[in-house]
Amino acid sequence: RFALGGRVALVTGASQGIGRAAARRLVEEGAAVCAVAAPADRADLEEAVEELVGLGGRAVGLAGDVAEPETAEQAVELAVRSFGRLDYLLSNAGIFAREDPLEAAVDQLDRLLAVNVRGNYLMSVRAARAMAGQGGGAIVITASTAALLGDESMAAYNASKAAAAQLARSLA
């Protein structure tokens with residue numbers, strides 16, 4: 001077990017799946033959590049925050065698009081304003097698409113790259129600035145084994161996850 005009392009984590013993609021499970025575990029280990037999810041997932045986000053508080057944790061939520069700079073700014077500000085600091089970022093928000101690359105619309109590629117790459121970049125840089133001001137912290141970017149594989153029906157998704165993995169290495 002970890003001793004995370006007094007620590008603060010920001011988790012994107014926190015309304016479901018890996019992000020929600022990670023937020024739950026962080027609270028169980030004593031961390032306060034700022035949970036972020038897409039506006040379309042607002043109801044699930046509210047439910048997730050209620051669950052975290054119900055576990056005896058301290059948690060706040062923000063619905064926002066991680067591909068927008070304002071969301072990164074607001075999320076970090078909310079974490080620091082609510083809990084006094086930011087120690088961890090789990091940049092987990094991501095979207096998936098399966099498409100025939102010969103038929104796929106460029107808008108779908110743009111959205112995959114916006115969420116899966118730009119979102120990770122924006123959240124990581126903004127969180128790192130806050131962490132640097134307090135002496136450090138830790139950032140984890142969720143990628144996928146798809147970053148290492150080729151699959152004709154997932155070309156854009158695989159490329160976005162490969163970029164996310166390389167972004168994590170480069171920022172480190």
# chains A, B, ... in the order shown; residues from 1 in each chain; ligands from 1
call {"tool": "select_by_dssp", "arguments": {"residues": "range 57-144 of chain A", "states": "helix (DSSP H, G or I)", "output": "JSON, numbers by chain"}}
result
{"A": [69, 70, 71, 72, 73, 74, 75, 76, 77, 78, 79, 80, 81, 82, 83, 106, 107, 108, 109, 110, 111, 112, 113, 114, 115, 116, 117, 118, 119, 120, 121, 122, 123, 124, 125, 126, 127, 128, 129, 130, 131, 132]}
call {"tool": "residues_around", "arguments": {"residues": "Val33 in chain A", "least_positions_apart": "2", "cutoff": "10 Å", "atoms": "only C-alpha atoms", "output": "CSV table (one decimal) with N, CA, C and O atoms, in the first residue's frame"}}
result
chain,number,residue,atom,x,y,z
A,7,ARG,N,-1.3,14.3,-0.2
A,7,ARG,CA,-0.9,14.4,-1.6
A,7,ARG,C,-2.2,14.7,-2.4
A,7,ARG,O,-3.3,14.4,-2.0
A,8,VAL,N,-2.0,15.3,-3.6
A,8,VAL,CA,-3.1,15.7,-4.4
A,8,VAL,C,-2.8,15.2,-5.8
A,8,VAL,O,-1.7,15.4,-6.4
A,9,ALA,N,-3.8,14.6,-6.4
A,9,ALA,CA,-3.7,14.0,-7.8
A,9,ALA,C,-4.8,14.6,-8.7
A,9,ALA,O,-5.9,14.8,-8.3
A,10,LEU,N,-4.4,14.9,-9.9
A,10,LEU,CA,-5.3,15.3,-10.9
A,10,LEU,C,-5.4,14.1,-11.9
A,10,LEU,O,-4.4,13.6,-12.4
A,11,VAL,N,-6.6,13.7,-12.2
A,11,VAL,CA,-6.8,12.5,-13.0
A,11,VAL,C,-7.8,12.9,-14.2
A,11,VAL,O,-8.9,13.3,-13.9
A,14,ALA,N,-11.5,10.6,-15.8
A,14,ALA,CA,-11.8,10.1,-14.5
A,14,ALA,C,-13.3,9.6,-14.3
A,14,ALA,O,-13.6,9.1,-13.3
A,22,ALA,N,-8.4,4.4,-11.1
A,22,ALA,CA,-7.2,5.1,-10.6
A,22,ALA,C,-7.6,6.1,-9.5
A,22,ALA,O,-6.9,6.2,-8.5
A,23,ALA,N,-8.6,6.9,-9.8
A,23,ALA,CA,-9.0,7.9,-8.9
A,23,ALA,C,-9.5,7.3,-7.6
A,23,ALA,O,-9.2,7.8,-6.5
A,24,ARG,N,-10.2,6.2,-7.7
A,24,ARG,CA,-10.7,5.5,-6.6
A,24,ARG,C,-9.5,5.0,-5.7
A,24,ARG,O,-9.5,5.1,-4.5
A,26,LEU,N,-6.4,6.1,-5.7
A,26,LEU,CA,-5.7,7.2,-5.1
A,26,LEU,C,-6.4,7.7,-3.8
A,26,LEU,O,-5.8,8.0,-2.8
A,27,VAL,N,-7.7,7.8,-3.8
A,27,VAL,CA,-8.5,8.2,-2.6
A,27,VAL,C,-8.3,7.2,-1.6
A,27,VAL,O,-8.2,7.5,-0.4
A,30,GLY,N,-5.4,7.7,0.3
A,30,GLY,CA,-5.3,8.9,1.1
A,30,GLY,C,-5.1,10.2,0.3
A,30,GLY,O,-5.1,11.3,0.9
A,31,ALA,N,-5.0,10.1,-1.0
A,31,ALA,CA,-4.8,11.4,-1.8
A,31,ALA,C,-6.1,12.1,-2.0
A,31,ALA,O,-7.2,11.4,-2.1
A,35,ALA,N,-10.8,15.3,-10.3
A,35,ALA,CA,-11.3,14.4,-11.4
A,35,ALA,C,-11.7,15.3,-12.6
A,35,ALA,O,-12.5,16.2,-12.4
A,36,VAL,N,-11.2,15.0,-13.8
A,36,VAL,CA,-11.6,15.7,-15.0
A,36,VAL,C,-12.2,14.7,-16.0
A,36,VAL,O,-11.6,13.6,-16.2
A,49,VAL,N,-17.3,11.5,-8.6
A,49,VAL,CA,-16.9,12.3,-7.5
A,49,VAL,C,-17.7,12.0,-6.2
A,49,VAL,O,-17.1,11.9,-5.1
A,52,LEU,N,-16.1,8.9,-4.8
A,52,LEU,CA,-14.8,9.2,-4.1
A,52,LEU,C,-15.1,9.8,-2.7
A,52,LEU,O,-14.4,9.4,-1.8
A,53,VAL,N,-16.0,10.7,-2.7
A,53,VAL,CA,-16.3,11.4,-1.4
A,53,VAL,C,-17.0,10.3,-0.5
A,53,VAL,O,-16.7,10.3,0.7
A,57,GLY,N,-13.0,10.2,0.9
A,57,GLY,CA,-12.0,11.0,0.2
A,57,GLY,C,-12.4,12.4,0.0
A,57,GLY,O,-13.5,12.8,0.2
A,58,ARG,N,-11.4,13.2,-0.4
A,58,ARG,CA,-11.6,14.6,-0.8
A,58,ARG,C,-11.5,14.6,-2.3
A,58,ARG,O,-10.5,14.1,-2.8
A,59,ALA,N,-12.5,15.1,-2.9
A,59,ALA,CA,-12.5,15.1,-4.4
A,59,ALA,C,-13.4,16.2,-4.9
A,59,ALA,O,-14.4,16.6,-4.3
A,60,VAL,N,-12.9,16.7,-6.1
A,60,VAL,CA,-13.7,17.7,-6.8
A,60,VAL,C,-13.6,17.3,-8.3
A,60,VAL,O,-12.8,16.5,-8.7
A,61,GLY,N,-14.6,17.8,-9.1
A,61,GLY,CA,-14.6,17.4,-10.5
A,61,GLY,C,-14.7,18.6,-11.4
A,61,GLY,O,-15.2,19.7,-11.0
A,79,ALA,N,-7.4,22.1,-8.6
A,79,ALA,CA,-6.7,21.2,-7.7
A,79,ALA,C,-6.0,22.0,-6.7
A,79,ALA,O,-6.1,21.7,-5.5
A,82,SER,N,-8.4,24.0,-4.4
A,82,SER,CA,-9.2,23.1,-3.5
A,82,SER,C,-8.3,22.4,-2.4
A,82,SER,O,-8.8,22.2,-1.3
A,83,PHE,N,-7.1,22.0,-2.8
A,83,PHE,CA,-6.3,21.2,-1.9
A,83,PHE,C,-4.9,21.7,-1.6
A,83,PHE,O,-4.2,21.1,-0.9
A,86,LEU,N,-0.4,20.4,-6.0
A,86,LEU,CA,-0.6,19.3,-7.0
A,86,LEU,C,0.6,18.4,-7.0
A,86,LEU,O,1.7,18.9,-7.3
A,88,TYR,N,0.5,14.9,-8.3
A,88,TYR,CA,0.5,13.9,-9.4
A,88,TYR,C,-0.5,14.2,-10.4
A,88,TYR,O,-1.6,14.8,-10.2
A,89,LEU,N,-0.1,13.9,-11.7
A,89,LEU,CA,-1.1,14.0,-12.8
A,89,LEU,C,-1.1,12.6,-13.4
A,89,LEU,O,-0.1,12.0,-13.8
call {"tool": "closest_residue", "arguments": {"among": "A:Leu109, A:Leu45, A:Leu90, A:Met154", "to": "Val140 in chain A", "atoms": "only C-alpha atoms"}}
result
A:Leu90
call {"tool": "closest_residue", "arguments": {"among": "A:Ala104, A:Ala146, A:Ala138, A:Arg129", "to": "Ala168 in chain A", "atoms": "only C-alpha atoms"}}
result
A:Ala138
call {"tool": "closest_residue", "arguments": {"among": "A:Leu62, A:Leu78, A:Phe2, A:Ala159", "to": "Arg25 in chain A", "atoms": "only C-alpha atoms"}}
result
A:Phe2
call {"tool": "select_by_dssp", "arguments": {"residues": "range 4-123 of chain A", "states": "strand (DSSP E)", "output": "NGL selection string"}}
result
:A and (8-12 or 32-37 or 59-63 or 88-91)
call {"tool": "write_last_selection", "arguments": {"atoms": "all heavy atoms", "output": "compact mmCIF listing (two decimals), in the first residue's frame"}}
result
# COMPACT_ATOMS: atom_id res chain seq x y z
N VAL A 8 -1.97 15.32 -3.55
CA VAL A 8 -3.08 15.72 -4.43
C VAL A 8 -2.80 15.21 -5.83
O VAL A 8 -1.72 15.41 -6.38
CB VAL A 8 -3.24 17.25 -4.46
CG1 VAL A 8 -4.36 17.67 -5.41
CG2 VAL A 8 -3.49 17.79 -3.05
N ALA A 9 -3.80 14.56 -6.42
CA ALA A 9 -3.70 14.01 -7.77
C ALA A 9 -4.76 14.62 -8.67
O ALA A 9 -5.90 14.81 -8.25
CB ALA A 9 -3.85 12.49 -7.74
N LEU A 10 -4.38 14.88 -9.89
CA LEU A 10 -5.31 15.29 -10.93
C LEU A 10 -5.41 14.11 -11.90
O LEU A 10 -4.37 13.61 -12.35
CB LEU A 10 -4.76 16.53 -11.64
CG LEU A 10 -5.70 17.31 -12.55
CD1 LEU A 10 -5.15 18.71 -12.77
CD2 LEU A 10 -5.93 16.65 -13.87
N VAL A 11 -6.61 13.66 -12.17
CA VAL A 11 -6.83 12.50 -13.04
C VAL A 11 -7.77 12.91 -14.16
O VAL A 11 -8.90 13.32 -13.91
CB VAL A 11 -7.43 11.31 -12.26
CG1 VAL A 11 -7.66 10.12 -13.19
CG2 VAL A 11 -6.55 10.93 -11.09
N THR A 12 -7.30 12.79 -15.42
CA THR A 12 -8.19 13.04 -16.55
C THR A 12 -8.79 11.72 -17.02
O THR A 12 -8.23 10.65 -16.79
CB THR A 12 -7.46 13.74 -17.72
OG1 THR A 12 -6.50 12.84 -18.29
CG2 THR A 12 -6.79 15.02 -17.26
N ALA A 32 -6.06 13.36 -2.16
CA ALA A 32 -7.20 14.14 -2.64
C ALA A 32 -7.14 14.09 -4.17
O ALA A 32 -6.06 14.04 -4.75
CB ALA A 32 -7.12 15.57 -2.14
N VAL A 33 -8.31 14.10 -4.81
CA VAL A 33 -8.36 13.94 -6.27
C VAL A 33 -9.18 15.04 -6.92
O VAL A 33 -10.29 15.33 -6.49
CB VAL A 33 -8.95 12.56 -6.65
CG1 VAL A 33 -9.20 12.46 -8.15
CG2 VAL A 33 -8.03 11.44 -6.20
N CYS A 34 -8.59 15.61 -7.96
CA CYS A 34 -9.31 16.49 -8.87
C CYS A 34 -9.58 15.66 -10.12
O CYS A 34 -8.65 15.28 -10.84
CB CYS A 34 -8.48 17.73 -9.20
SG CYS A 34 -9.30 18.84 -10.38
N ALA A 35 -10.84 15.31 -10.33
CA ALA A 35 -11.25 14.43 -11.42
C ALA A 35 -11.73 15.27 -12.61
O ALA A 35 -12.54 16.17 -12.43
CB ALA A 35 -12.37 13.50 -10.95
N VAL A 36 -11.24 14.95 -13.79
CA VAL A 36 -11.60 15.68 -15.00
C VAL A 36 -12.16 14.69 -16.01
O VAL A 36 -11.63 13.59 -16.17
CB VAL A 36 -10.37 16.39 -15.60
CG1 VAL A 36 -10.74 17.13 -16.89
CG2 VAL A 36 -9.76 17.36 -14.59
N ALA A 37 -13.23 15.11 -16.68
CA ALA A 37 -13.82 14.28 -17.74
C ALA A 37 -14.46 15.19 -18.77
O ALA A 37 -14.72 16.37 -18.52
CB ALA A 37 -14.86 13.32 -17.16
N ALA A 59 -12.53 15.08 -2.93
CA ALA A 59 -12.54 15.06 -4.39
C ALA A 59 -13.38 16.21 -4.93
O ALA A 59 -14.37 16.60 -4.33
CB ALA A 59 -13.11 13.73 -4.90
N VAL A 60 -12.93 16.72 -6.07
CA VAL A 60 -13.67 17.73 -6.83
C VAL A 60 -13.64 17.29 -8.29
O VAL A 60 -12.80 16.49 -8.69
CB VAL A 60 -13.06 19.14 -6.69
CG1 VAL A 60 -13.21 19.65 -5.26
CG2 VAL A 60 -11.60 19.17 -7.13
N GLY A 61 -14.57 17.81 -9.07
CA GLY A 61 -14.64 17.43 -10.47
C GLY A 61 -14.71 18.63 -11.39
O GLY A 61 -15.18 19.71 -10.99
N LEU A 62 -14.26 18.43 -12.62
CA LEU A 62 -14.31 19.45 -13.65
C LEU A 62 -14.65 18.78 -14.97
O LEU A 62 -13.96 17.84 -15.38
CB LEU A 62 -12.96 20.18 -13.78
CG LEU A 62 -12.86 21.18 -14.92
CD1 LEU A 62 -13.71 22.41 -14.64
CD2 LEU A 62 -11.40 21.57 -15.16
N ALA A 63 -15.70 19.26 -15.62
CA ALA A 63 -16.04 18.79 -16.96
C ALA A 63 -15.40 19.74 -17.96
O ALA A 63 -15.63 20.94 -17.91
CB ALA A 63 -17.55 18.75 -17.15
N TYR A 88 0.52 14.89 -8.31
CA TYR A 88 0.48 13.87 -9.35
C TYR A 88 -0.50 14.24 -10.44
O TYR A 88 -1.57 14.81 -10.17
CB TYR A 88 0.01 12.51 -8.78
CG TYR A 88 0.74 12.07 -7.55
CD1 TYR A 88 0.07 11.94 -6.34
CD2 TYR A 88 2.10 11.78 -7.59
CE1 TYR A 88 0.73 11.54 -5.20
CE2 TYR A 88 2.77 11.38 -6.45
CZ TYR A 88 2.09 11.26 -5.26
OH TYR A 88 2.75 10.86 -4.13
N LEU A 89 -0.14 13.90 -11.67
CA LEU A 89 -1.07 13.97 -12.79
C LEU A 89 -1.11 12.59 -13.43
O LEU A 89 -0.07 12.05 -13.80
CB LEU A 89 -0.61 14.99 -13.83
CG LEU A 89 -1.33 14.91 -15.20
CD1 LEU A 89 -2.82 15.23 -15.06
CD2 LEU A 89 -0.65 15.80 -16.22
N LEU A 90 -2.31 12.05 -13.56
CA LEU A 90 -2.53 10.89 -14.41
C LEU A 90 -3.29 11.42 -15.61
O LEU A 90 -4.49 11.69 -15.54
CB LEU A 90 -3.33 9.79 -13.71
CG LEU A 90 -3.77 8.63 -14.63
CD1 LEU A 90 -2.59 8.00 -15.34
CD2 LEU A 90 -4.58 7.61 -13.86
N SER A 91 -2.57 11.63 -16.70
CA SER A 91 -3.17 12.13 -17.93
C SER A 91 -3.67 10.93 -18.72
O SER A 91 -2.95 10.31 -19.50
CB SER A 91 -2.13 12.93 -18.73
OG SER A 91 -2.73 13.61 -19.80
call {"tool": "closest_residue", "arguments": {"among": "A:Ile141, A:Leu149, A:Met131, A:Leu167", "to": "Ile18 in chain A", "atoms": "only C-alpha atoms"}}
result
A:Ile141
